[in-house]
Amino acid sequence: MRETLIRTPEGMRDTLFDECAARRGREAGLFSLFQSRGFQEVSTPVLERYELFPRIGSPLSEETMVKVIGRDGRICVLRPDNTAPIARLAATRLQNEPLPLKLWYTQPVFRAQGDGFCEIRQAGVEIIGGKVRNYNILNLACEATGHYYGQTPHIEVSHADILQTLFGHMKLDVTRKERALSLIGRKNFAELGDEFPDAADLLKLVRISGGLEALDEAAETVSISLDRPLKILRNLLQKLPDKQITVDFALAPSLGYYTGVFFRGYVDGAAGAVLSGGWYSNLLGLLGREALAVGFAIHLE
Amino acid sequence: MDNPIRIALAKGRLEKQCRALLVRAGYDCAALESPGRRLIHTLPHAKAAPLEAVLSKAPDVVTYVSRGVCALGVAGKDTIMEQGGPFYEMLDLKLGACRFALAAPEGTAFFGGAGHKRIATKYPDVARRFLSGLGVDAEIIRIEGSCELAPLLGLADAIVDIVETGDTLRENGLVILKEMFPLSARLIVNVAAYKLRRGEIDCFIEALKGAMASC
């Protein structure tokens with residue numbers, strides 16, 4: 001056997017024949033859906049400047065980004081996420097285009113994983129500026145996920161202001177907030193209780209999930225007012241009675257990234273979320289163009 | 001009718017206590033007591049849906065649950081901390097209580113002096129994070145078997161390992177320098193499975209809580 005055969009880097013894979021055909025078939029429906037709803041396709045480079053991601057408070061950790069050093073000595077990364085490059089595009093080349101911008105994309109993201117890399121194929125939409133209803137975005141997200149996976153996703157939803165408000169009252173520093181979010185995201189409420197024994201509201205709230213009754217329970221349980229975000233979630237659930245959608249207050253966003261409703265979607269046969277999205281209205285401002293923004297990405301597995 | 005919920009159970013240290021807990025929760029675990037060569041076992045329940053149980057090494061429990069081939073898993077916090085992964089950690093089963101500790105031969109001036117320290121451990125990630133938190137420049141040496149041997153052989157200056165009673169340490173002339181974290185068995189849950197089969201999984205968790213309270 002020759003030891004010199006060159007294989008793909010660890011975690012990178014070729015796609016052959018039937019796999020390609022099956023992928024094309026499933027993607028076609030998704031793409032025509034986005035086009036038929038008035039979205040315009042964009043594509044961004046596979047390399048981005050590294051500093052884009054810390055600038056916008058990206059939830060991706062530094063070590064998950066695959067880095068390349070340019071000839072000018074500056075650090076670039078293989079596109080680790082799609083929202084940030086599209087926000088950059090909206091704030092730079094599209095800065096004089098009237099809002100709203102309705103964009104769709106299909107391009108992979110790359111992450112460092114274990115001893116190698118992983119490539120995650122994604123397709124999604126971003127709506128920058130303009131009025132968009134939460135239920136319209138969730139309807140489109142459900143429809144698009146359904147198109148690709150052939151089954152209605154189970155959606156869970158929360159609002160970024162809920163945990164932000166509670167954390168604001170707890171006066172935690174950033175490290176402690178991140179620790180709390182990490183425990184909440186893993187539903188490790190036992191350790192959350194041990195480490196944050198005084199956070200009575202938080203400890204009660206993160207255990208609550210379900211339909212409209214969960215919103216009532218949250219309003220009754222928590223001593224501070226969460227009226228506005230709870231009302232927004234209530235409207236959303238009432239507008240989508242036929243969807244499998246639940247509120248989960250333990251859905252933990254990365255600090256300061258999402259600014260409104262955010263959601264995940266799950267389907268049978270996938271080990272993790274295949275859909276994620278929400279409002280990220282601070283992000284454009286950090287890049288020099290104040291605008292509301294909302295979007296979602298579907299993992300094309 | 002959906003397929004039964006599948007649970008991965010860690011073999012070894014936690015196995016017996018975990019089985020006893022499932023029995024108290026109403027599951028018939030006869031199949032697990034004499035597993036023979038079968039790898040997947042059905043655990044019937046008089047009043048609830050049966051479980052499908054897989055016995056595997058602790059790190060595999062974490063892999064199965066992360067990857068979604070088992071909805072549930074029982075693994076030690078030691079394995080969970082070392083491996084990490086995307087799953088919910090929903091219940092401290094309080095079984096197999098022990099702790100992570102940093103230990104060295106009696107009389108070692110571990111925190112003094114120049115030069116880096118060599119640490120033998122089965123848990124390289126946990127050890128690296130803990131020692132960097134202490135400001136120790138550590139070279140981590142991964143060991144699969146008995147870590148206690150490493151300082152005796154001159155392979156390492158200290159070890160990071162799980163300690164239950166401390167007897168093994170004492171017998172090998174080692175003393176605990178730092179207690180690190182308390183450990184016990186945890187119920188871990190695949191994220192998507194929890195969303196899609198919430199009712200059944202919540203029932204199972206309640207049954208386990210009941211079984212824990214009754215002992």
# chains A, B, ... in the order shown; residues from 1 in each chain; ligands from 1
$ closest_atom_pairs --of "chain A" --to "chain B" --cutoff "9 Å" --atoms "only C-alpha atoms" --output "CSV"
residue,atom,partner,partner_atom,distance
A:His154,CA,B:Leu196,CA,6.9
A:Ile155,CA,B:Lys195,CA,8.5
A:Glu156,CA,B:Lys195,CA,8.1
A:Leu183,CA,B:Glu89,CA,8.8
A:Gly185,CA,B:Tyr88,CA,7.6
A:Arg186,CA,B:Tyr88,CA,4.4
A:Lys187,CA,B:Tyr88,CA,5.4
A:Asn188,CA,B:Glu89,CA,5.1
A:Phe189,CA,B:Met90,CA,7.1
A:Ala190,CA,B:Asp92,CA,7.1
A:Glu191,CA,B:Asp92,CA,8.9
A:Gly265,CA,B:Ala192,CA,8.7
A:Tyr266,CA,B:Ala192,CA,5.8
A:Val267,CA,B:Ala192,CA,7.3
A:Asp268,CA,B:Leu196,CA,7.3
A:Gly269,CA,B:Gly68,CA,8.0
A:Ala270,CA,B:Ala192,CA,7.0
A:Ala271,CA,B:Gly68,CA,4.4
A:Gly272,CA,B:Ala192,CA,5.2
A:Ala273,CA,B:Ala192,CA,6.5
$ write_last_selection --atoms "N, CA and C atoms" --output "PDB file, in the first residue's frame"
ATOM      1  N   HIS A 154     -40.445  20.820  14.603  1.00  0.00           N
ATOM      2  CA  HIS A 154     -40.906  21.290  15.918  1.00  0.00           C
ATOM      3  C   HIS A 154     -40.098  22.542  16.255  1.00  0.00           C
ATOM      4  N   ILE A 155     -40.814  23.645  16.515  1.00  0.00           N
ATOM      5  CA  ILE A 155     -40.134  24.924  16.743  1.00  0.00           C
ATOM      6  C   ILE A 155     -40.160  25.254  18.227  1.00  0.00           C
ATOM      7  N   GLU A 156     -39.037  25.746  18.742  1.00  0.00           N
ATOM      8  CA  GLU A 156     -39.096  26.340  20.076  1.00  0.00           C
ATOM      9  C   GLU A 156     -38.594  27.761  19.983  1.00  0.00           C
ATOM     10  N   LEU A 183     -25.035  26.975  31.640  1.00  0.00           N
ATOM     11  CA  LEU A 183     -25.788  25.991  32.431  1.00  0.00           C
ATOM     12  C   LEU A 183     -27.248  25.934  31.984  1.00  0.00           C
ATOM     13  N   GLY A 185     -28.445  26.674  29.011  1.00  0.00           N
ATOM     14  CA  GLY A 185     -28.513  26.059  27.684  1.00  0.00           C
ATOM     15  C   GLY A 185     -28.421  24.545  27.747  1.00  0.00           C
ATOM     16  N   ARG A 186     -27.781  24.010  28.792  1.00  0.00           N
ATOM     17  CA  ARG A 186     -27.674  22.559  28.947  1.00  0.00           C
ATOM     18  C   ARG A 186     -28.772  22.011  29.849  1.00  0.00           C
ATOM     19  N   LYS A 187     -29.692  22.863  30.244  1.00  0.00           N
ATOM     20  CA  LYS A 187     -30.738  22.490  31.196  1.00  0.00           C
ATOM     21  C   LYS A 187     -30.161  21.847  32.457  1.00  0.00           C
ATOM     22  N   ASN A 188     -29.002  22.333  32.864  1.00  0.00           N
ATOM     23  CA  ASN A 188     -28.381  21.810  34.080  1.00  0.00           C
ATOM     24  C   ASN A 188     -28.818  22.698  35.244  1.00  0.00           C
ATOM     25  N   PHE A 189     -30.095  22.523  35.641  1.00  0.00           N
ATOM     26  CA  PHE A 189     -30.674  23.428  36.625  1.00  0.00           C
ATOM     27  C   PHE A 189     -30.168  23.136  38.031  1.00  0.00           C
ATOM     28  N   ALA A 190     -29.680  21.890  38.248  1.00  0.00           N
ATOM     29  CA  ALA A 190     -29.149  21.556  39.571  1.00  0.00           C
ATOM     30  C   ALA A 190     -27.909  22.411  39.855  1.00  0.00           C
ATOM     31  N   GLU A 191     -26.975  22.435  38.900  1.00  0.00           N
ATOM     32  CA  GLU A 191     -25.768  23.232  39.132  1.00  0.00           C
ATOM     33  C   GLU A 191     -26.068  24.728  39.087  1.00  0.00           C
ATOM     34  N   GLY A 265     -35.338  24.957  15.351  1.00  0.00           N
ATOM     35  CA  GLY A 265     -36.273  23.973  14.831  1.00  0.00           C
ATOM     36  C   GLY A 265     -35.633  22.595  14.810  1.00  0.00           C
ATOM     37  N   TYR A 266     -36.437  21.585  15.088  1.00  0.00           N
ATOM     38  CA  TYR A 266     -35.954  20.206  15.174  1.00  0.00           C
ATOM     39  C   TYR A 266     -36.789  19.302  14.287  1.00  0.00           C
ATOM     40  N   VAL A 267     -36.157  18.306  13.694  1.00  0.00           N
ATOM     41  CA  VAL A 267     -36.897  17.294  12.932  1.00  0.00           C
ATOM     42  C   VAL A 267     -36.440  15.911  13.373  1.00  0.00           C
ATOM     43  N   ASP A 268     -37.291  14.949  13.128  1.00  0.00           N
ATOM     44  CA  ASP A 268     -36.982  13.565  13.447  1.00  0.00           C
ATOM     45  C   ASP A 268     -35.773  13.121  12.619  1.00  0.00           C
ATOM     46  N   GLY A 269     -34.816  12.464  13.258  1.00  0.00           N
ATOM     47  CA  GLY A 269     -33.678  11.944  12.508  1.00  0.00           C
ATOM     48  C   GLY A 269     -32.438  12.824  12.558  1.00  0.00           C
ATOM     49  N   ALA A 270     -32.543  14.019  13.107  1.00  0.00           N
ATOM     50  CA  ALA A 270     -31.355  14.876  13.255  1.00  0.00           C
ATOM     51  C   ALA A 270     -31.077  15.043  14.748  1.00  0.00           C
ATOM     52  N   ALA A 271     -29.784  14.963  15.125  1.00  0.00           N
ATOM     53  CA  ALA A 271     -29.435  14.962  16.548  1.00  0.00           C
ATOM     54  C   ALA A 271     -29.510  16.342  17.179  1.00  0.00           C
ATOM     55  N   GLY A 272     -29.485  17.386  16.375  1.00  0.00           N
ATOM     56  CA  GLY A 272     -29.529  18.739  16.930  1.00  0.00           C
ATOM     57  C   GLY A 272     -30.479  19.600  16.126  1.00  0.00           C
ATOM     58  N   ALA A 273     -30.484  20.908  16.422  1.00  0.00           N
ATOM     59  CA  ALA A 273     -31.373  21.818  15.703  1.00  0.00           C
ATOM     60  C   ALA A 273     -30.964  21.873  14.231  1.00  0.00           C
TER      61      ALA A 273
END
$ residues_around --residues "Gly115 in chain B" --least-positions-apart "4" --cutoff "10 Å" --atoms "only C-alpha atoms" --output "NGL selection string"
:B and (136-138)
$ write_last_selection --atoms "N, CA and C atoms" --output "CSV table (one decimal), in the first residue's frame"
chain,number,residue,atom,x,y,z
B,136,VAL,N,-0.6,26.9,36.8
B,136,VAL,CA,0.5,25.9,36.7
B,136,VAL,C,0.8,25.6,35.3
B,137,ASP,N,2.1,25.7,34.9
B,137,ASP,CA,2.5,25.3,33.6
B,137,ASP,C,2.6,23.8,33.6
B,138,ALA,N,1.6,23.1,33.0
B,138,ALA,CA,1.5,21.6,33.1
B,138,ALA,C,1.7,21.0,31.7
$ residues_around --residues "Tyr280 in chain A" --least-positions-apart "6" --cutoff "8 Å" --atoms "only C-alpha atoms" --output "number ranges by chain"
A: 257-260, 292-294
$ select_by_dssp --residues "range 102-180 of chain B" --states "alpha helix (DSSP H)" --output "PyMOL selection string"
chain B and resi 124-133+149-153+167-171
$ write_last_selection --atoms "C-alpha atoms" --output "compact mmCIF listing (two decimals), in the first residue's frame"
# COMPACT_ATOMS: atom_id res chain seq x y z
CA PRO B 124 -6.49 15.50 29.81
CA ASP B 125 -9.00 18.26 29.07
CA VAL B 126 -10.24 18.54 32.63
CA ALA B 127 -6.65 18.52 33.92
CA ARG B 128 -5.49 21.15 31.42
CA ARG B 129 -8.34 23.53 32.27
CA PHE B 130 -7.95 23.08 36.03
CA LEU B 131 -4.17 23.52 36.13
CA SER B 132 -4.23 26.54 33.86
CA GLY B 133 -6.78 28.01 36.27
CA LEU B 149 1.48 4.38 39.04
CA ALA B 150 2.81 7.35 37.07
CA PRO B 151 4.51 9.25 39.94
CA LEU B 152 5.94 5.95 41.28
CA LEU B 153 7.53 5.27 37.90
CA ASP B 167 -7.54 4.38 49.79
CA THR B 168 -5.74 3.77 46.50
CA LEU B 169 -3.94 7.09 46.83
CA ARG B 170 -2.83 6.35 50.39
CA GLU B 171 -1.64 2.87 49.54
$ select_by_dssp --residues "range 4-212 of chain B" --states "strand (DSSP E or B)" --output "ChimeraX atom specification"
/B:5-10,27,40-43,45,51-56,72-76,87-92,98-105,117-121,138-142,158-163,174-183,185-190
$ atom_distance --atom1 "CA of Phe204 in chain B" --atom2 "CA of Glu15 in chain B"
18.3 Å
$ closest_residue --among "B:Cys98, B:Val54, B:Val160, B:Leu72" --to "Arg142 in chain B" --atoms "only C-alpha atoms"
B:Val160
$ decode --residues "range 111-242 of chain A" --atoms "C-alpha atoms" --output "mmCIF file, in the first residue's frame"
data_model
loop_
_atom_site.group_PDB
_atom_site.id
_atom_site.type_symbol
_atom_site.label_atom_id
_atom_site.label_comp_id
_atom_site.auth_asym_id
_atom_site.auth_seq_id
_atom_site.Cartn_x
_atom_site.Cartn_y
_atom_site.Cartn_z
ATOM 1 C CA ARG A 111 -15.623 25.193 11.692
ATOM 2 C CA ALA A 112 -12.669 23.589 13.402
ATOM 3 C CA GLN A 113 -13.796 20.435 15.160
ATOM 4 C CA GLY A 114 -11.750 17.873 17.057
ATOM 5 C CA ASP A 115 -8.556 17.220 15.139
ATOM 6 C CA GLY A 116 -10.043 18.448 11.876
ATOM 7 C CA PHE A 117 -12.724 20.588 10.330
ATOM 8 C CA CYS A 118 -16.372 20.388 9.523
ATOM 9 C CA GLU A 119 -18.338 21.825 6.649
ATOM 10 C CA ILE A 120 -21.979 22.591 7.309
ATOM 11 C CA ARG A 121 -24.105 23.364 4.274
ATOM 12 C CA GLN A 122 -26.678 26.050 4.971
ATOM 13 C CA ALA A 123 -29.378 27.970 3.202
ATOM 14 C CA GLY A 124 -31.266 30.863 4.689
ATOM 15 C CA VAL A 125 -32.726 34.322 4.429
ATOM 16 C CA GLU A 126 -31.952 37.688 6.002
ATOM 17 C CA ILE A 127 -34.353 40.624 5.985
ATOM 18 C CA ILE A 128 -32.661 43.926 6.731
ATOM 19 C CA GLY A 129 -34.777 46.975 7.528
ATOM 20 C CA GLY A 130 -38.500 47.271 7.052
ATOM 21 C CA LYS A 131 -41.352 45.854 9.014
ATOM 22 C CA VAL A 132 -41.522 42.111 9.320
ATOM 23 C CA ARG A 133 -43.945 40.208 11.463
ATOM 24 C CA ASN A 134 -42.573 37.458 13.685
ATOM 25 C CA TYR A 135 -45.197 35.021 12.494
ATOM 26 C CA ASN A 136 -44.327 35.682 8.864
ATOM 27 C CA ILE A 137 -40.698 34.787 9.502
ATOM 28 C CA LEU A 138 -41.633 31.671 11.462
ATOM 29 C CA ASN A 139 -44.115 30.614 8.800
ATOM 30 C CA LEU A 140 -41.458 30.902 6.137
ATOM 31 C CA ALA A 141 -38.902 29.102 8.317
ATOM 32 C CA CYS A 142 -41.337 26.211 8.927
ATOM 33 C CA GLU A 143 -42.263 26.009 5.286
ATOM 34 C CA ALA A 144 -38.642 26.062 4.139
ATOM 35 C CA THR A 145 -37.559 23.429 6.684
ATOM 36 C CA GLY A 146 -40.558 21.322 5.657
ATOM 37 C CA HIS A 147 -39.584 21.612 2.011
ATOM 38 C CA TYR A 148 -36.092 20.345 2.653
ATOM 39 C CA TYR A 149 -36.706 17.693 5.313
ATOM 40 C CA GLY A 150 -40.134 16.532 4.175
ATOM 41 C CA GLN A 151 -41.602 16.932 7.677
ATOM 42 C CA THR A 152 -42.971 19.764 9.753
ATOM 43 C CA PRO A 153 -40.305 20.909 12.218
ATOM 44 C CA HIS A 154 -40.906 21.290 15.918
ATOM 45 C CA ILE A 155 -40.134 24.924 16.743
ATOM 46 C CA GLU A 156 -39.096 26.340 20.076
ATOM 47 C CA VAL A 157 -39.021 30.026 20.629
ATOM 48 C CA SER A 158 -38.058 32.609 23.225
ATOM 49 C CA HIS A 159 -37.353 36.340 23.416
ATOM 50 C CA ALA A 160 -33.889 37.727 24.102
ATOM 51 C CA ASP A 161 -35.207 40.416 26.483
ATOM 52 C CA ILE A 162 -36.417 37.814 28.971
ATOM 53 C CA LEU A 163 -33.057 36.512 30.170
ATOM 54 C CA GLN A 164 -31.471 39.952 29.570
ATOM 55 C CA THR A 165 -33.995 41.555 31.915
ATOM 56 C CA LEU A 166 -33.447 38.930 34.596
ATOM 57 C CA PHE A 167 -29.666 39.208 34.291
ATOM 58 C CA GLY A 168 -29.985 43.009 34.484
ATOM 59 C CA HIS A 169 -31.693 42.660 37.874
ATOM 60 C CA MET A 170 -29.097 40.160 39.074
ATOM 61 C CA LYS A 171 -26.214 42.556 38.294
ATOM 62 C CA LEU A 172 -23.906 39.801 37.088
ATOM 63 C CA ASP A 173 -20.565 40.439 35.439
ATOM 64 C CA VAL A 174 -19.963 39.052 31.958
ATOM 65 C CA THR A 175 -18.156 35.893 33.104
ATOM 66 C CA ARG A 176 -20.952 34.971 35.507
ATOM 67 C CA LYS A 177 -23.596 35.690 32.872
ATOM 68 C CA GLU A 178 -21.839 33.432 30.414
ATOM 69 C CA ARG A 179 -21.561 30.717 33.044
ATOM 70 C CA ALA A 180 -25.275 31.012 33.825
ATOM 71 C CA LEU A 181 -26.192 30.921 30.118
ATOM 72 C CA SER A 182 -24.081 27.850 29.560
ATOM 73 C CA LEU A 183 -25.788 25.991 32.431
ATOM 74 C CA ILE A 184 -29.234 27.140 31.263
ATOM 75 C CA GLY A 185 -28.513 26.059 27.684
ATOM 76 C CA ARG A 186 -27.674 22.559 28.947
ATOM 77 C CA LYS A 187 -30.738 22.490 31.196
ATOM 78 C CA ASN A 188 -28.381 21.810 34.080
ATOM 79 C CA PHE A 189 -30.674 23.428 36.625
ATOM 80 C CA ALA A 190 -29.149 21.556 39.571
ATOM 81 C CA GLU A 191 -25.768 23.232 39.132
ATOM 82 C CA LEU A 192 -27.441 26.530 38.233
ATOM 83 C CA GLY A 193 -29.158 26.389 41.632
ATOM 84 C CA ASP A 194 -25.882 25.584 43.400
ATOM 85 C CA GLU A 195 -23.962 28.389 41.739
ATOM 86 C CA PHE A 196 -26.687 31.058 41.678
ATOM 87 C CA PRO A 197 -28.665 30.308 44.846
ATOM 88 C CA ASP A 198 -30.135 33.838 45.050
ATOM 89 C CA ALA A 199 -31.501 33.856 41.510
ATOM 90 C CA ALA A 200 -35.008 32.752 42.511
ATOM 91 C CA ASP A 201 -36.750 34.231 39.447
ATOM 92 C CA LEU A 202 -34.217 32.805 37.033
ATOM 93 C CA LEU A 203 -34.287 29.329 38.586
ATOM 94 C CA LYS A 204 -38.057 29.184 38.326
ATOM 95 C CA LEU A 205 -38.356 30.699 34.874
ATOM 96 C CA VAL A 206 -35.849 28.505 33.018
ATOM 97 C CA ARG A 207 -37.801 25.386 34.005
ATOM 98 C CA ILE A 208 -40.920 26.673 32.263
ATOM 99 C CA SER A 209 -41.767 25.626 28.735
ATOM 100 C CA GLY A 210 -44.840 24.767 26.706
ATOM 101 C CA GLY A 211 -47.639 26.540 24.882
ATOM 102 C CA LEU A 212 -49.705 29.591 25.892
ATOM 103 C CA GLU A 213 -50.058 28.208 29.423
ATOM 104 C CA ALA A 214 -46.281 28.508 29.825
ATOM 105 C CA LEU A 215 -46.560 32.250 29.196
ATOM 106 C CA ASP A 216 -49.206 32.576 31.922
ATOM 107 C CA GLU A 217 -47.057 30.553 34.272
ATOM 108 C CA ALA A 218 -44.031 32.750 33.542
ATOM 109 C CA ALA A 219 -45.984 35.949 34.188
ATOM 110 C CA GLU A 220 -47.251 34.585 37.529
ATOM 111 C CA THR A 221 -43.951 33.069 38.611
ATOM 112 C CA VAL A 222 -41.508 35.878 38.055
ATOM 113 C CA SER A 223 -41.555 38.877 40.361
ATOM 114 C CA ILE A 224 -40.241 41.418 37.840
ATOM 115 C CA SER A 225 -42.237 42.529 34.820
ATOM 116 C CA LEU A 226 -41.640 40.692 31.569
ATOM 117 C CA ASP A 227 -44.900 41.974 30.073
ATOM 118 C CA ARG A 228 -43.548 43.193 26.738
ATOM 119 C CA PRO A 229 -41.597 40.100 25.616
ATOM 120 C CA LEU A 230 -44.294 37.770 26.969
ATOM 121 C CA LYS A 231 -46.939 39.686 25.021
ATOM 122 C CA ILE A 232 -44.871 39.396 21.844
ATOM 123 C CA LEU A 233 -44.536 35.632 22.330
ATOM 124 C CA ARG A 234 -48.245 35.331 23.080
ATOM 125 C CA ASN A 235 -49.160 37.132 19.847
ATOM 126 C CA LEU A 236 -46.817 34.892 17.950
ATOM 127 C CA LEU A 237 -48.235 31.644 19.350
ATOM 128 C CA GLN A 238 -51.796 32.817 18.783
ATOM 129 C CA LYS A 239 -51.024 33.632 15.158
ATOM 130 C CA LEU A 240 -49.603 30.153 14.521
ATOM 131 C CA PRO A 241 -52.127 27.775 16.084
ATOM 132 C CA ASP A 242 -51.483 25.037 13.533
#
